[in-house]
Amino acid sequence: MTTAIKQSNLSQEQIDRFQKDGFLLVENFFSNEEIDLYSQYVDQAVAYRTADDERPLADKILYEQTFTQCMRLWEDHPDVALFTFHPKLCAAAAALLKIDCVRLWHDQALYKESGGRKTDAHLDFPFWPVDKDDLISAWIPFADVGPGGGVMSYVQGSHRSGVTEFADIGELHDDEMYDILSHPKIKDLPVIPVQAKKGCVIFHHACTVHLADANETAHTRRVFTTAYMADGLRRSIGARVDRYFSLDRDNIIPGELVKGPGHPVAWPRSSEKLPPPPKILGPKTGFGASEADKFQ
Ligand SMILES: O=C(O)CCC(=O)C(=O)O
């Protein structure tokens with residue numbers, strides 16, 4: 001833990017705040033030079049993944065009107081892996097979760113097009129079929145995100161409310177939309193908008209309720225996110241979704257430990273060498289389930 005705190009450059013005060021609030025804005029986490037370099041890699045990866053899709057926003061399904069999602073970019077774009085497994089970022093995940101070892105859960109680009117709808121309020125944990133909620137996301141914008149540009153908001157302290165209900169984003173799972181902000185244990189908690197400057201990272205816990213505004217600007221809101229999980233989590237038994245691409249691919253059945261090529265150790269790593277990517281790739285865009293066949 002102490003090495004993680006040191007390598008992440010976080011203070012004890014920041015770690016305590018994350019534990020209390022369920023989210024943490026860290027300004028100047030990356031230098032402008034780092035973001036310029038990594039954003040080029042992610043832009044190229046997203047361009048490759050979306051090259052065959054010429055649909056205007058209005059022709060997309062509601063979920064896709066929220067953002068263009070490209071998951072597991074590190075697997076087919078080795079340059080992006082430098083970002084996903086950035087030692088300072090992975091150490092910060094371990095330090096904030098107060099654990100000694102984290103694995104990668106996933107990375108993804110979330111590009112909210114100009115005119116893209118709001119991101120409905122939700123928490124991540126019910127989307128991810130694991131038995132405990134020791135997971136954390138890092139939300140990394142490639143340019144300033146200000147009012148009208150898809151700003152994120154977090155419900156302060158909601159990760160400690162005990163609420164783990166599933167709230168869908170843009171009818172992804174065809175569920176009826178559920179306004180989690182009106183949940184009796186959530187409705188009186190403060191909703192905190194967090195404007196983001198280039199170079200910052202906003203961390204949030206898997207049980208923190210969060211949402212984003214629509215993108216009313218003329219530009220795509222380009223964001224990369226990474227999620228890390230405590231080593232030792234198991235695939236949940238009786239999860240609401242029985243298919244999950246990265247777990248099915250590594251033959252991890254309910255009750256088994258989550259590990260393997262799709263979920264390598266992200267921190268600590270004994271060598272500079274990046275983990276080798278899995279051999280089978282998932283869908284190019286979207287949340288996906290067992291859709292490896294769609295990749296080609
Ligand atoms: O970027 C967004 O609009 C939503 C992000 C989100 O839901 C997440 O990072 O978990």
# chains A, B, ... in the order shown; residues from 1 in each chain; ligands from 1

call {"tool": "residues_near_ligand", "arguments": {"ligand": "ligand 1", "cutoff": "10 Å", "atoms": "only C-alpha atoms and all ligand atoms", "output": "PyMOL selection string"}}
result
chain A and resi 66-69+107-112+116-125+136-141+150-153+169+202-206+208-215+221-227

call {"tool": "write_last_selection", "arguments": {"atoms": "N, CA and C atoms", "output": "compact mmCIF listing (two decimals), in the first residue's frame"}}
result
# COMPACT_ATOMS: atom_id res chain seq x y z
N THR A 66 -25.67 7.98 -26.61
CA THR A 66 -25.06 8.46 -25.35
C THR A 66 -23.57 8.65 -25.57
N PHE A 67 -22.95 7.64 -26.13
CA PHE A 67 -21.52 7.74 -26.49
C PHE A 67 -21.15 6.61 -27.43
N THR A 68 -20.09 6.82 -28.18
CA THR A 68 -19.47 5.73 -28.92
C THR A 68 -18.54 5.05 -27.94
N GLN A 69 -18.76 3.75 -27.76
CA GLN A 69 -17.98 3.01 -26.76
C GLN A 69 -17.08 2.00 -27.48
N ASP A 107 -10.54 -1.38 -20.27
CA ASP A 107 -10.37 0.02 -20.66
C ASP A 107 -11.39 0.30 -21.75
N GLN A 108 -11.65 1.56 -21.98
CA GLN A 108 -12.61 1.90 -23.04
C GLN A 108 -12.53 3.38 -23.38
N ALA A 109 -12.85 3.69 -24.66
CA ALA A 109 -13.07 5.08 -25.04
C ALA A 109 -14.57 5.34 -24.94
N LEU A 110 -14.93 6.49 -24.40
CA LEU A 110 -16.33 6.92 -24.37
C LEU A 110 -16.38 8.29 -25.05
N TYR A 111 -16.65 8.27 -26.35
CA TYR A 111 -16.64 9.51 -27.12
C TYR A 111 -18.09 9.96 -27.30
N LYS A 112 -18.41 11.08 -26.67
CA LYS A 112 -19.78 11.61 -26.76
C LYS A 112 -19.79 12.62 -27.89
N GLY A 116 -24.73 14.46 -28.66
CA GLY A 116 -24.92 13.21 -27.91
C GLY A 116 -25.75 13.45 -26.66
N ARG A 117 -26.63 12.49 -26.36
CA ARG A 117 -27.55 12.66 -25.22
C ARG A 117 -26.80 12.54 -23.88
N LYS A 118 -27.51 12.85 -22.82
CA LYS A 118 -26.94 12.71 -21.46
C LYS A 118 -26.60 11.24 -21.18
N THR A 119 -25.72 11.01 -20.25
CA THR A 119 -25.49 9.65 -19.76
C THR A 119 -26.40 9.48 -18.54
N ASP A 120 -27.32 8.52 -18.62
CA ASP A 120 -28.29 8.35 -17.55
C ASP A 120 -27.59 7.97 -16.24
N ALA A 121 -28.16 8.43 -15.12
CA ALA A 121 -27.56 8.13 -13.80
C ALA A 121 -27.57 6.62 -13.56
N HIS A 122 -26.45 6.13 -13.11
CA HIS A 122 -26.31 4.68 -12.87
C HIS A 122 -25.12 4.46 -11.95
N LEU A 123 -24.96 3.22 -11.50
CA LEU A 123 -23.68 2.83 -10.88
C LEU A 123 -23.17 1.64 -11.68
N ASP A 124 -21.87 1.45 -11.66
CA ASP A 124 -21.25 0.46 -12.56
C ASP A 124 -21.39 -0.98 -12.06
N PHE A 125 -21.41 -1.16 -10.75
CA PHE A 125 -21.29 -2.50 -10.17
C PHE A 125 -22.31 -3.50 -10.75
N ILE A 136 -12.73 0.23 -9.26
CA ILE A 136 -12.61 1.69 -9.36
C ILE A 136 -12.40 2.06 -10.83
N SER A 137 -12.97 3.18 -11.23
CA SER A 137 -12.77 3.67 -12.60
C SER A 137 -11.99 4.97 -12.58
N ALA A 138 -11.22 5.15 -13.64
CA ALA A 138 -10.51 6.42 -13.86
C ALA A 138 -11.09 7.02 -15.15
N TRP A 139 -11.55 8.24 -15.07
CA TRP A 139 -12.20 8.93 -16.20
C TRP A 139 -11.23 10.03 -16.65
N ILE A 140 -10.74 9.92 -17.90
CA ILE A 140 -9.63 10.77 -18.32
C ILE A 140 -9.99 11.53 -19.60
N PRO A 141 -10.28 12.83 -19.48
CA PRO A 141 -10.64 13.61 -20.66
C PRO A 141 -9.40 14.04 -21.45
N GLY A 150 -20.81 17.73 -21.69
CA GLY A 150 -20.79 16.33 -21.22
C GLY A 150 -20.11 16.18 -19.88
N VAL A 151 -20.29 17.19 -19.04
CA VAL A 151 -19.67 17.19 -17.69
C VAL A 151 -20.24 16.03 -16.85
N MET A 152 -19.36 15.38 -16.10
CA MET A 152 -19.78 14.29 -15.20
C MET A 152 -20.27 14.87 -13.87
N SER A 153 -21.25 14.19 -13.27
CA SER A 153 -21.66 14.51 -11.89
C SER A 153 -21.65 13.22 -11.08
N ILE A 169 -28.48 2.40 -18.99
CA ILE A 169 -28.06 3.60 -19.74
C ILE A 169 -28.63 3.44 -21.14
N ILE A 202 -10.58 11.78 -13.03
CA ILE A 202 -11.62 11.68 -11.99
C ILE A 202 -11.82 10.19 -11.70
N PHE A 203 -11.56 9.82 -10.46
CA PHE A 203 -11.74 8.42 -10.04
C PHE A 203 -13.13 8.28 -9.43
N HIS A 204 -13.77 7.14 -9.69
CA HIS A 204 -15.00 6.86 -8.93
C HIS A 204 -15.11 5.39 -8.59
N HIS A 205 -15.74 5.13 -7.47
CA HIS A 205 -15.95 3.77 -6.96
C HIS A 205 -17.08 3.11 -7.77
N ALA A 206 -17.05 1.77 -7.86
CA ALA A 206 -18.04 1.05 -8.67
C ALA A 206 -19.47 1.20 -8.16
N THR A 208 -20.58 4.17 -6.82
CA THR A 208 -20.93 5.59 -6.81
C THR A 208 -21.88 5.89 -7.96
N VAL A 209 -23.03 6.46 -7.66
CA VAL A 209 -23.97 6.84 -8.72
C VAL A 209 -23.39 8.04 -9.46
N HIS A 210 -23.40 7.97 -10.80
CA HIS A 210 -22.85 9.06 -11.60
C HIS A 210 -23.63 9.21 -12.89
N LEU A 211 -23.45 10.34 -13.54
CA LEU A 211 -24.19 10.68 -14.75
C LEU A 211 -23.39 11.72 -15.51
N ALA A 212 -23.78 12.01 -16.74
CA ALA A 212 -23.11 13.09 -17.48
C ALA A 212 -24.15 13.87 -18.27
N ASP A 213 -23.85 15.15 -18.47
CA ASP A 213 -24.72 16.01 -19.27
C ASP A 213 -24.59 15.65 -20.75
N ALA A 214 -25.59 16.10 -21.50
CA ALA A 214 -25.52 15.97 -22.96
C ALA A 214 -24.37 16.82 -23.50
N ASN A 215 -23.95 16.51 -24.70
CA ASN A 215 -22.89 17.31 -25.33
C ASN A 215 -23.52 18.31 -26.30
N ARG A 221 -16.81 14.95 -27.24
CA ARG A 221 -16.14 14.89 -25.93
C ARG A 221 -15.35 13.58 -25.90
N ARG A 222 -14.02 13.70 -25.97
CA ARG A 222 -13.17 12.50 -26.07
C ARG A 222 -12.65 12.14 -24.68
N VAL A 223 -13.05 10.95 -24.25
CA VAL A 223 -12.67 10.49 -22.91
C VAL A 223 -12.23 9.04 -22.98
N PHE A 224 -11.21 8.71 -22.21
CA PHE A 224 -10.74 7.34 -22.06
C PHE A 224 -11.00 6.95 -20.61
N THR A 225 -11.49 5.75 -20.38
CA THR A 225 -11.63 5.32 -19.00
C THR A 225 -10.97 3.95 -18.82
N THR A 226 -10.47 3.75 -17.61
CA THR A 226 -9.92 2.44 -17.26
C THR A 226 -10.59 2.03 -15.96
N ALA A 227 -10.79 0.74 -15.80
CA ALA A 227 -11.37 0.24 -14.55
C ALA A 227 -10.50 -0.89 -14.04

call {"tool": "atom_distance", "arguments": {"atom1": "CA of Arg49 (chain A)", "atom2": "CA of Lys284 (chain A)"}}
result
5.3 Å

call {"tool": "residues_around", "arguments": {"residues": "region 246-259 of chain A", "least_positions_apart": "3", "cutoff": "9 Å", "atoms": "only C-alpha atoms", "output": "PyMOL selection string"}}
result
chain A and resi 103+105-106+129-131+231-239+242-243+262-265+278+280-282+289-290+292

call {"tool": "closest_residue", "arguments": {"among": "A:Ala93, A:Leu189, A:Cys70, A:Ala51", "to": "Gly157 (chain A)", "atoms": "only C-alpha atoms"}}
result
A:Leu189

call {"tool": "select_by_dssp", "arguments": {"residues": "region 43-164 of chain A", "states": "strand (DSSP E or B)", "output": "MDAnalysis selection string"}}
result
chainID A and resid 68:71 102:112 119:122 130 135:141 145 149 152:155

call {"tool": "select_by_dssp", "arguments": {"residues": "region 5-94 of chain A", "states": "helix (DSSP H, G or I)", "output": "ChimeraX atom specification"}}
result
/A:5-8,12-21,32-50,57-59,62-66,73-76,78-84,87-94

call {"tool": "residues_around", "arguments": {"residues": "Thr217 (chain A)", "least_positions_apart": "2", "cutoff": "6 Å", "atoms": "only C-alpha atoms", "output": "MDAnalysis selection string"}}
result
chainID A and resid 114 149 215 219

call {"tool": "atom_distance", "arguments": {"atom1": "CA of Ile192 (chain A)", "atom2": "CA of Tyr154 (chain A)"}}
result
5.2 Å

call {"tool": "residues_around", "arguments": {"residues": "region 78-81 of chain A", "least_positions_apart": "3", "cutoff": "10 Å", "atoms": "only C-alpha atoms", "output": "NGL selection string"}}
result
:A and (37-45 or 72-75 or 84-86 or 107 or 274-277)

call {"tool": "residues_around", "arguments": {"residues": "Ala4 (chain A)", "least_positions_apart": "2", "cutoff": "10 Å", "atoms": "only C-alpha atoms", "output": "number ranges by chain"}}
result
A: 1-2, 6-10, 87-96, 98-101, 267-268

call {"tool": "atom_distance", "arguments": {"atom1": "CA of Gln19 (chain A)", "atom2": "CA of Tyr244 (chain A)"}}
result
28.6 Å

call {"tool": "residues_around", "arguments": {"residues": "region 178-186 of chain A", "least_positions_apart": "2", "cutoff": "8 Å", "atoms": "only C-alpha atoms", "output": "list in words"}}
result
Ala121, His122, Val155, Ser158, Ser161, Val163, Glu165, Ala167, Asp168, Glu176, Asp188 and Leu189 of chain A

call {"tool": "write_last_selection", "arguments": {"atoms": "N, CA and C atoms", "output": "PDB file, in the first residue's frame"}}
result
ATOM      1  N   ALA A 121     -28.155   8.428 -15.124  1.00  0.00           N
ATOM      2  CA  ALA A 121     -27.561   8.133 -13.804  1.00  0.00           C
ATOM      3  C   ALA A 121     -27.572   6.623 -13.555  1.00  0.00           C
ATOM      4  N   HIS A 122     -26.448   6.128 -13.105  1.00  0.00           N
ATOM      5  CA  HIS A 122     -26.311   4.677 -12.871  1.00  0.00           C
ATOM      6  C   HIS A 122     -25.119   4.462 -11.948  1.00  0.00           C
ATOM      7  N   VAL A 155     -22.822  11.391  -7.232  1.00  0.00           N
ATOM      8  CA  VAL A 155     -23.657  11.522  -6.039  1.00  0.00           C
ATOM      9  C   VAL A 155     -22.774  11.199  -4.830  1.00  0.00           C
ATOM     10  N   SER A 158     -22.706   8.088  -2.277  1.00  0.00           N
ATOM     11  CA  SER A 158     -23.680   7.054  -2.679  1.00  0.00           C
ATOM     12  C   SER A 158     -23.083   5.650  -2.628  1.00  0.00           C
ATOM     13  N   SER A 161     -24.173   3.937   0.438  1.00  0.00           N
ATOM     14  CA  SER A 161     -25.613   3.919   0.735  1.00  0.00           C
ATOM     15  C   SER A 161     -26.175   2.510   0.777  1.00  0.00           C
ATOM     16  N   VAL A 163     -26.974   0.973  -1.877  1.00  0.00           N
ATOM     17  CA  VAL A 163     -27.800   0.830  -3.085  1.00  0.00           C
ATOM     18  C   VAL A 163     -26.970   0.192  -4.192  1.00  0.00           C
ATOM     19  N   GLU A 165     -28.866  -1.166  -7.019  1.00  0.00           N
ATOM     20  CA  GLU A 165     -29.862  -1.437  -8.057  1.00  0.00           C
ATOM     21  C   GLU A 165     -29.317  -1.144  -9.451  1.00  0.00           C
ATOM     22  N   ALA A 167     -29.510   0.435 -12.907  1.00  0.00           N
ATOM     23  CA  ALA A 167     -30.180   1.503 -13.651  1.00  0.00           C
ATOM     24  C   ALA A 167     -29.537   1.510 -15.024  1.00  0.00           C
ATOM     25  N   ASP A 168     -30.338   1.355 -16.035  1.00  0.00           N
ATOM     26  CA  ASP A 168     -29.813   1.175 -17.391  1.00  0.00           C
ATOM     27  C   ASP A 168     -29.346   2.512 -17.976  1.00  0.00           C
ATOM     28  N   GLU A 176     -36.703  -1.326 -18.470  1.00  0.00           N
ATOM     29  CA  GLU A 176     -37.396  -0.063 -18.334  1.00  0.00           C
ATOM     30  C   GLU A 176     -36.434   0.907 -17.670  1.00  0.00           C
ATOM     31  N   ASP A 188     -31.564  12.316  -1.308  1.00  0.00           N
ATOM     32  CA  ASP A 188     -31.171  13.467  -0.492  1.00  0.00           C
ATOM     33  C   ASP A 188     -29.661  13.705  -0.476  1.00  0.00           C
ATOM     34  N   LEU A 189     -28.919  12.869  -1.222  1.00  0.00           N
ATOM     35  CA  LEU A 189     -27.453  13.060  -1.250  1.00  0.00           C
ATOM     36  C   LEU A 189     -27.100  14.130  -2.291  1.00  0.00           C
TER      37      LEU A 189
END
